[in-house]
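A short write-up of the structure that comes next.
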There are 2 protein chains.
Amino acid sequence: MWLPPEPLKSIGKKQTRERVARLRLRLLRQQHELRERDFPVLVVFGGVDGAGKHETVNRLNAWLDPRFLCTLAYGEPSQEEAERPRMWRYWRDLPVRGQIGLVLSGWYSQPLVEYARHRSDATRFAHQLRQIKDFERMLTDDGALIIKFWMHLSARQQHRRLTELAEDPMSLWQIKPRDWEHLHLYDRFVGAAEQLLDATHCRNAPWHCIDGSAEGLRALIAAERLSDALARRLKARPAPRGRKLRPARGQGLAQADLEQRLTREKYADRLAVAQARLLRLQQTSLHSGRATLLVFEGWDAAGKGGAIRRLVQPLDARLYSLHPIAAPNDEERARHYLWRFWRRLPRAGHLCVFDRSWYGRVLVERVEGYASKAQWQRAYAEINAFEEALTESGIRLLKFWIHISQQEQLARFQAREGDPLKSWKLTEEDWRNRHKWEDYEAAVEDMLAHTHRPMAPWVVIPGNDKRLARVSVLEAACRTMAGH
Amino acid sequence: MWLPPEPLKSIGKKQTRERVARLRLRLLRQQHELRERDFPVLVVFGGVDGAGKHETVNRLNAWLDPRFLCTLAYGEPSQEEAERPRMWRYWRDLPVRGQIGLVLSGWYSQPLVEYARHRSDATRFAHQLRQIKDFERMLTDDGALIIKFWMHLSARQQHRRLTELAEDPMSLWQIKPRDWEHLHLYDRFVGAAEQLLDATHCRNAPWHCIDGSAEGLRALIAAERLSDALARRLKARPAPRGRKLRPARGQGLAQADLEQRLTREKYADRLAVAQARLLRLQQTSLHSGRATLLVFEGWDAAGKGGAIRRLVQPLDARLYSLHPIAAPNDEERARHYLWRFWRRLPRAGHLCVFDRSWYGRVLVERVEGYASKAQWQRAYAEINAFEEALTESGIRLLKFWIHISQQEQLARFQAREGDPLKSWKLTEEDWRNRHKWEDYEAAVEDMLAHTHRPMAPWVVIPGNDKRLARVSVLEAACRTMAGH
């Protein structure tokens, strides 16, 4: 039973002042210690209107060092936001490691209000809560400290509070017509809130219920809880959490028939047909507003670049974007590894091509040891959740693994060495990777097994014959864009 | 006289093939040399519809290493883009140093089409061209290589070409109903284009006119010109260009009366009145769609943070954003120094506060020698052009210099040292800066003199009395938002 929270007993002015002074000092020290550490802090505010969320955020802004603090407040989604998955704008704004973000009207707001106002049903609400839990779990697994405050008022208190706010010109703006409506929906709203608190409270992202009627005290109490949580977290980094991998069956490398060949004539025919079809499908997608996202992974020299070029060649450059993925830059390294992919998601109706992708986490980062075992093991679930968010928002997603034999790779490396137009494509690293073929092969098989899902399928493309590979990629992309 | 360009004589297939092979090799080598250098390359395509812009971009994508190349193509502005200055989206997408960006339907497109279609007049067109010239000049002064291609067709050639494109299902999409209209406007369009070429051709960002009727050859010729330009630029870095500073009169530090004081009672009254007013004005701005941008500069310990906190305290956190400006990160360092400010511009109706700003270029970077003399000297003109783009787009801009005496600063430093709640605010650097007071003072006076302009004024706030400073800031912000 969550609500109502324990009522706060008021304390004297002098005592309050002393507690605030002690707290500020402690928070500042913690904040500066935090700066040297490699995790971000998210403080999420939810609760009844008029219970002091805004005031608490203001206080924290005054008490903490504003250079390492940001306030993230959300209104109605803009057009660009509405064209992407629901969580896109929250990902976009995530604070960097070492910083604190205060979240107002964040990811809990819309699902709760929609449900309380009968704009969504219980199933949808529960599903959204599960997705939020996944989101927060992903961040805390990555080291983030998340602490959530539910600022509460009883129905009577809320009525009194709204009246007070409406009477003061300085706070009148805080009251929207909707708030009075919510007052009538109080019971349903609080019922939904209890469900929300239950479903999304967990050890690593706990809710704290605060009595919002204690005006002089509620911000102080919230800030003290934050400070306690910071103290615990700064003392000990939680043990890394992996996830047990259940054996799964999906696509496999074995299914690619590397002996297949395509004649030059058949290639020219099929290429022209597929390119014309893709072109029409892109126009249709633009009108229907459904974006398409294509992921290209494959062995070095498998022919990803050539396949991508044939794919986009006929298309209007304004409607697609290419993202060659190399090592992250420092803005990207300072956040969750999925952040840099979230920020590149396509607008409605657009086509988006990733040349290498988030799968680097379970391929190169796994094999080369850049990601710990716990990290890459839980990445499968994280990636599946990420891709689910994409496809749920209407994005069509297809992932290619372009497969070649070890022999074919050697032949291509040697050809590259001898061709001045291609020698730049071959690096020392490619030779090194080649010597770890078996390790990569195991990683690829695991990846295919754990992340091949109906809405986000892998297609293993036989790549020994370049012509066949290019046509196969185009034809598969067409099938996906046509919705088959 | 620009148009028509010299007609290209067709050459044999074999000869073409050989020239392409030589060119590709050269381009690849240049591209890899470019990666080690500290400037970006912009290749801008303009011209008559159907003259091969799209095809040339496709060829360059196939010939160059796609990892260090991006295509920037623009359609109608999205809502988020429309809410910002016209050049915002081009700044946002600027390639990083060492990379090449191919620009399709870029900054020339809208002004030209609008003018040709009688949607704007000669004055506006000329003004837009001047702004574009400033923009390109800013980039080339910063080291960028800009090369521009005008792909041309005669009226008859264009008619034939559009008919061909419309008959082929693979290229039909390239034809919009507007293109046929443009054909009727051919003469006006070409007249406007000549004016455009004349007005924006300069040594550092030259136009090359290409005969677009030579189908097999035009892309090759354009790429060869690009390669020649790259060769010249890779050989020698152009001499840094400063700008002579004309003596100017504007705001000055002397005008701030540092003796003024405000009693606690008057402070409380004026603060409450101003905060209430600001709140109303922010609501009005939201409805009128005009954004406000406030810049805070001032001596260390002048009280910027406290003033900013009083300013935003009453406001809805969803409608303002705070940007504390520290050293740039690597994504920012890899571009023009103004890039990181462009990306933070407010949406329509929002308030945006910069705690330190682009003026770092002519303050700390000048005094500490991070910027060369040529760089900081031309920065005044660059900043004025930048701010003109903001205010022209409807943004209200106000810049504060919070001024304190050297004595007052010393007293505050000492107080900070003794106060555990404030000692974190004081660093070694602050003491070092203090010893360069005269150098900074000269830089501040120059800044005020050269960048105080009617639409982008400086207000020098007397800061020895913190109460007075805070109220003055709030009241000045109100005046600006009210449009006085």
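Letters A, B, ... mark the chains of the structure tokens in the order given; residue numbers begin at 1 per chain; ligand numbers begin at 1, in order shown.
Distance criterion 6 Å to chain B, applied with only C-alpha atoms, yields Leu25, Arg67, Ala73, Tyr74, Met170, Ala276, Ala317, Arg318, Pro324 and Leu421 of chain A on chain A.
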Next, write the just-selected residues to a file, as a PDB file, in the first residue's frame, keeping N, CA and C atoms as the atom set.
```pdb
ATOM      1  N   LEU A  25      25.552  21.666   2.093  1.00  0.00           N
ATOM      2  CA  LEU A  25      26.971  21.369   2.130  1.00  0.00           C
ATOM      3  C   LEU A  25      27.227  19.933   1.678  1.00  0.00           C
ATOM      4  N   ARG A  67      26.121  24.199 -12.797  1.00  0.00           N
ATOM      5  CA  ARG A  67      26.871  23.799 -13.988  1.00  0.00           C
ATOM      6  C   ARG A  67      26.757  22.303 -14.272  1.00  0.00           C
ATOM      7  N   ALA A  73      12.210  19.239 -18.600  1.00  0.00           N
ATOM      8  CA  ALA A  73      10.771  19.370 -18.412  1.00  0.00           C
ATOM      9  C   ALA A  73      10.083  19.221 -19.754  1.00  0.00           C
ATOM     10  N   TYR A  74       8.983  18.490 -19.783  1.00  0.00           N
ATOM     11  CA  TYR A  74       8.364  18.141 -21.063  1.00  0.00           C
ATOM     12  C   TYR A  74       6.925  18.603 -21.164  1.00  0.00           C
ATOM     13  N   MET A 170       1.381  34.869  -9.293  1.00  0.00           N
ATOM     14  CA  MET A 170       2.694  34.287  -9.566  1.00  0.00           C
ATOM     15  C   MET A 170       2.610  32.789  -9.834  1.00  0.00           C
ATOM     16  N   ALA A 276      13.432  -0.115 -58.939  1.00  0.00           N
ATOM     17  CA  ALA A 276      12.208   0.618 -59.304  1.00  0.00           C
ATOM     18  C   ALA A 276      11.149   0.399 -58.237  1.00  0.00           C
ATOM     19  N   ALA A 317      17.679  11.914 -52.126  1.00  0.00           N
ATOM     20  CA  ALA A 317      18.607  12.070 -51.003  1.00  0.00           C
ATOM     21  C   ALA A 317      17.973  12.771 -49.805  1.00  0.00           C
ATOM     22  N   ARG A 318      16.871  13.474 -50.024  1.00  0.00           N
ATOM     23  CA  ARG A 318      16.225  14.147 -48.890  1.00  0.00           C
ATOM     24  C   ARG A 318      15.462  13.178 -48.015  1.00  0.00           C
ATOM     25  N   PRO A 324      27.235   5.673 -41.097  1.00  0.00           N
ATOM     26  CA  PRO A 324      28.360   4.757 -40.888  1.00  0.00           C
ATOM     27  C   PRO A 324      28.742   4.852 -39.413  1.00  0.00           C
ATOM     28  N   LEU A 421      42.785   1.447 -55.784  1.00  0.00           N
ATOM     29  CA  LEU A 421      41.479   2.065 -55.527  1.00  0.00           C
ATOM     30  C   LEU A 421      40.822   1.472 -54.285  1.00  0.00           C
TER      31      LEU A 421
END
```
Could you name the residues that touch Leu197 of chain B at 9 Å or less, counting only C-alpha atoms, but leaving out those on the same chain fewer than 2 positions away, as a ChimeraX atom specification?
/B:2,150,192-195,199-201,206-207
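Here the strand (DSSP E or B) residues in segment 44-241 of chain A, by DSSP on the backbone, are Val44, Phe45, Gly46, Gly47, Leu69, Cys70, Thr71, Leu72, Ala73, Ile100, Gly101, Leu102, Val103, Leu104, Leu145, Ile146, Ile147, Lys148, Phe149, Trp150, Met151, His152, Cys202, Ala205, Trp207, His208, Cys209, Ile210 and Asp211 of chain A.
The gap separating atom CA of Glu181 of chain A from atom CA of Arg119 of chain A is 14.0 Å, in Å to one decimal.
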Tell me which protein, DNA and RNA residues are within 9 Å of His152 of chain A, counting only C-alpha atoms, leaving out same-chain ones fewer than 3 positions away, and put them as a PyMOL selection string.
chain A and resi 3-5+46-52+158+209-213
Written selection (N, CA, C and O atoms) as a compact mmCIF listing (two decimals), in the first residue's frame:
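Resulting contents of again-v2.txt:
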```
# COMPACT_ATOMS: atom_id res chain seq x y z
N LEU A 3 -0.11 4.79 -0.94
CA LEU A 3 -0.58 6.13 -0.65
C LEU A 3 -1.61 6.07 0.46
O LEU A 3 -2.31 5.09 0.57
N PRO A 4 -1.80 7.08 1.26
CA PRO A 4 -1.02 8.31 1.30
C PRO A 4 0.31 8.12 2.02
O PRO A 4 0.43 7.21 2.84
N PRO A 5 1.28 8.96 1.75
CA PRO A 5 2.56 8.87 2.45
C PRO A 5 2.42 9.36 3.90
O PRO A 5 1.44 10.02 4.23
N GLY A 46 7.10 12.95 -9.88
CA GLY A 46 5.73 12.68 -10.27
C GLY A 46 4.84 13.11 -9.13
O GLY A 46 5.32 13.51 -8.08
N GLY A 47 3.55 13.03 -9.35
CA GLY A 47 2.65 13.30 -8.24
C GLY A 47 1.45 14.11 -8.62
O GLY A 47 1.22 14.42 -9.79
N VAL A 48 0.73 14.46 -7.56
CA VAL A 48 -0.52 15.18 -7.70
C VAL A 48 -0.19 16.64 -8.03
O VAL A 48 0.80 17.18 -7.54
N ASP A 49 -0.99 17.26 -8.87
CA ASP A 49 -0.76 18.68 -9.19
C ASP A 49 -0.83 19.52 -7.93
O ASP A 49 -1.72 19.36 -7.12
N GLY A 50 0.10 20.44 -7.80
CA GLY A 50 0.07 21.34 -6.66
C GLY A 50 0.79 20.80 -5.44
O GLY A 50 0.80 21.42 -4.38
N ALA A 51 1.46 19.63 -5.58
CA ALA A 51 2.09 19.03 -4.40
C ALA A 51 3.54 19.46 -4.25
O ALA A 51 4.25 18.95 -3.38
N GLY A 52 4.03 20.36 -5.11
CA GLY A 52 5.35 20.92 -4.87
C GLY A 52 6.48 20.38 -5.73
O GLY A 52 7.65 20.56 -5.42
N GLN A 158 -5.63 18.84 -2.12
CA GLN A 158 -5.38 19.28 -3.49
C GLN A 158 -6.35 20.40 -3.88
O GLN A 158 -5.96 21.37 -4.52
N CYS A 209 7.58 8.37 -1.54
CA CYS A 209 6.36 9.17 -1.47
C CYS A 209 6.57 10.29 -0.45
O CYS A 209 7.02 10.06 0.67
N ILE A 210 6.23 11.48 -0.87
CA ILE A 210 6.45 12.65 -0.02
C ILE A 210 5.11 13.35 0.23
O ILE A 210 4.32 13.51 -0.71
N ASP A 211 4.89 13.72 1.47
CA ASP A 211 3.68 14.46 1.83
C ASP A 211 3.78 15.88 1.27
O ASP A 211 4.51 16.71 1.79
N GLY A 212 3.01 16.15 0.24
CA GLY A 212 3.11 17.43 -0.46
C GLY A 212 2.40 18.56 0.25
O GLY A 212 2.45 19.70 -0.20
N SER A 213 1.76 18.27 1.37
CA SER A 213 1.03 19.35 2.05
C SER A 213 1.95 20.10 3.01
O SER A 213 1.61 21.17 3.50
```
Using only C-alpha atoms, which protein or nucleic acid residues come within 12 Å of segment 375-382 of chain A? Drop anything in the same chain fewer than 2 positions from it, and give the result as a PyMOL selection string.
chain A and resi 131+133-143+239-246+248+336-338+358-373+384-389+443-444+446-453
Set the distance at 10 Å and use only C-alpha atoms: which residues neighbour Gln128 of chain B once local chain neighbours fewer than 3 positions away are removed? I'd like the list as a PyMOL selection string.
chain B and resi 86+107-108+110-112+122-125+131-134+196
Could you write those residues out with C-alpha atoms, as a PDB file, in the first residue's frame?
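Printed below is selection-v9.pdb as written:
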```
ATOM      1  CA  ARG B  86      16.613  30.156 -41.651  1.00  0.00           C
ATOM      2  CA  TRP B 107      20.913  27.407 -48.489  1.00  0.00           C
ATOM      3  CA  TYR B 108      20.662  28.778 -52.030  1.00  0.00           C
ATOM      4  CA  GLN B 110      14.792  28.642 -51.002  1.00  0.00           C
ATOM      5  CA  PRO B 111      15.881  32.256 -51.709  1.00  0.00           C
ATOM      6  CA  LEU B 112      16.292  31.534 -55.403  1.00  0.00           C
ATOM      7  CA  ALA B 122      14.751  42.121 -55.130  1.00  0.00           C
ATOM      8  CA  THR B 123      15.690  43.713 -51.809  1.00  0.00           C
ATOM      9  CA  ARG B 124      14.953  40.613 -49.814  1.00  0.00           C
ATOM     10  CA  PHE B 125      16.751  38.413 -52.330  1.00  0.00           C
ATOM     11  CA  GLN B 131      23.720  36.717 -45.483  1.00  0.00           C
ATOM     12  CA  ILE B 132      24.741  33.596 -47.334  1.00  0.00           C
ATOM     13  CA  LYS B 133      27.985  35.258 -48.295  1.00  0.00           C
ATOM     14  CA  ASP B 134      28.594  36.130 -44.643  1.00  0.00           C
ATOM     15  CA  LEU B 196      23.090  34.843 -57.311  1.00  0.00           C
TER      16      LEU B 196
END
```
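Each of A:Leu145, A:Arg416, A:Gly106, A:Arg188 was checked against Asp38 of chain A using only C-alpha atoms; the smallest atom-to-atom distance is that of A:Leu145.
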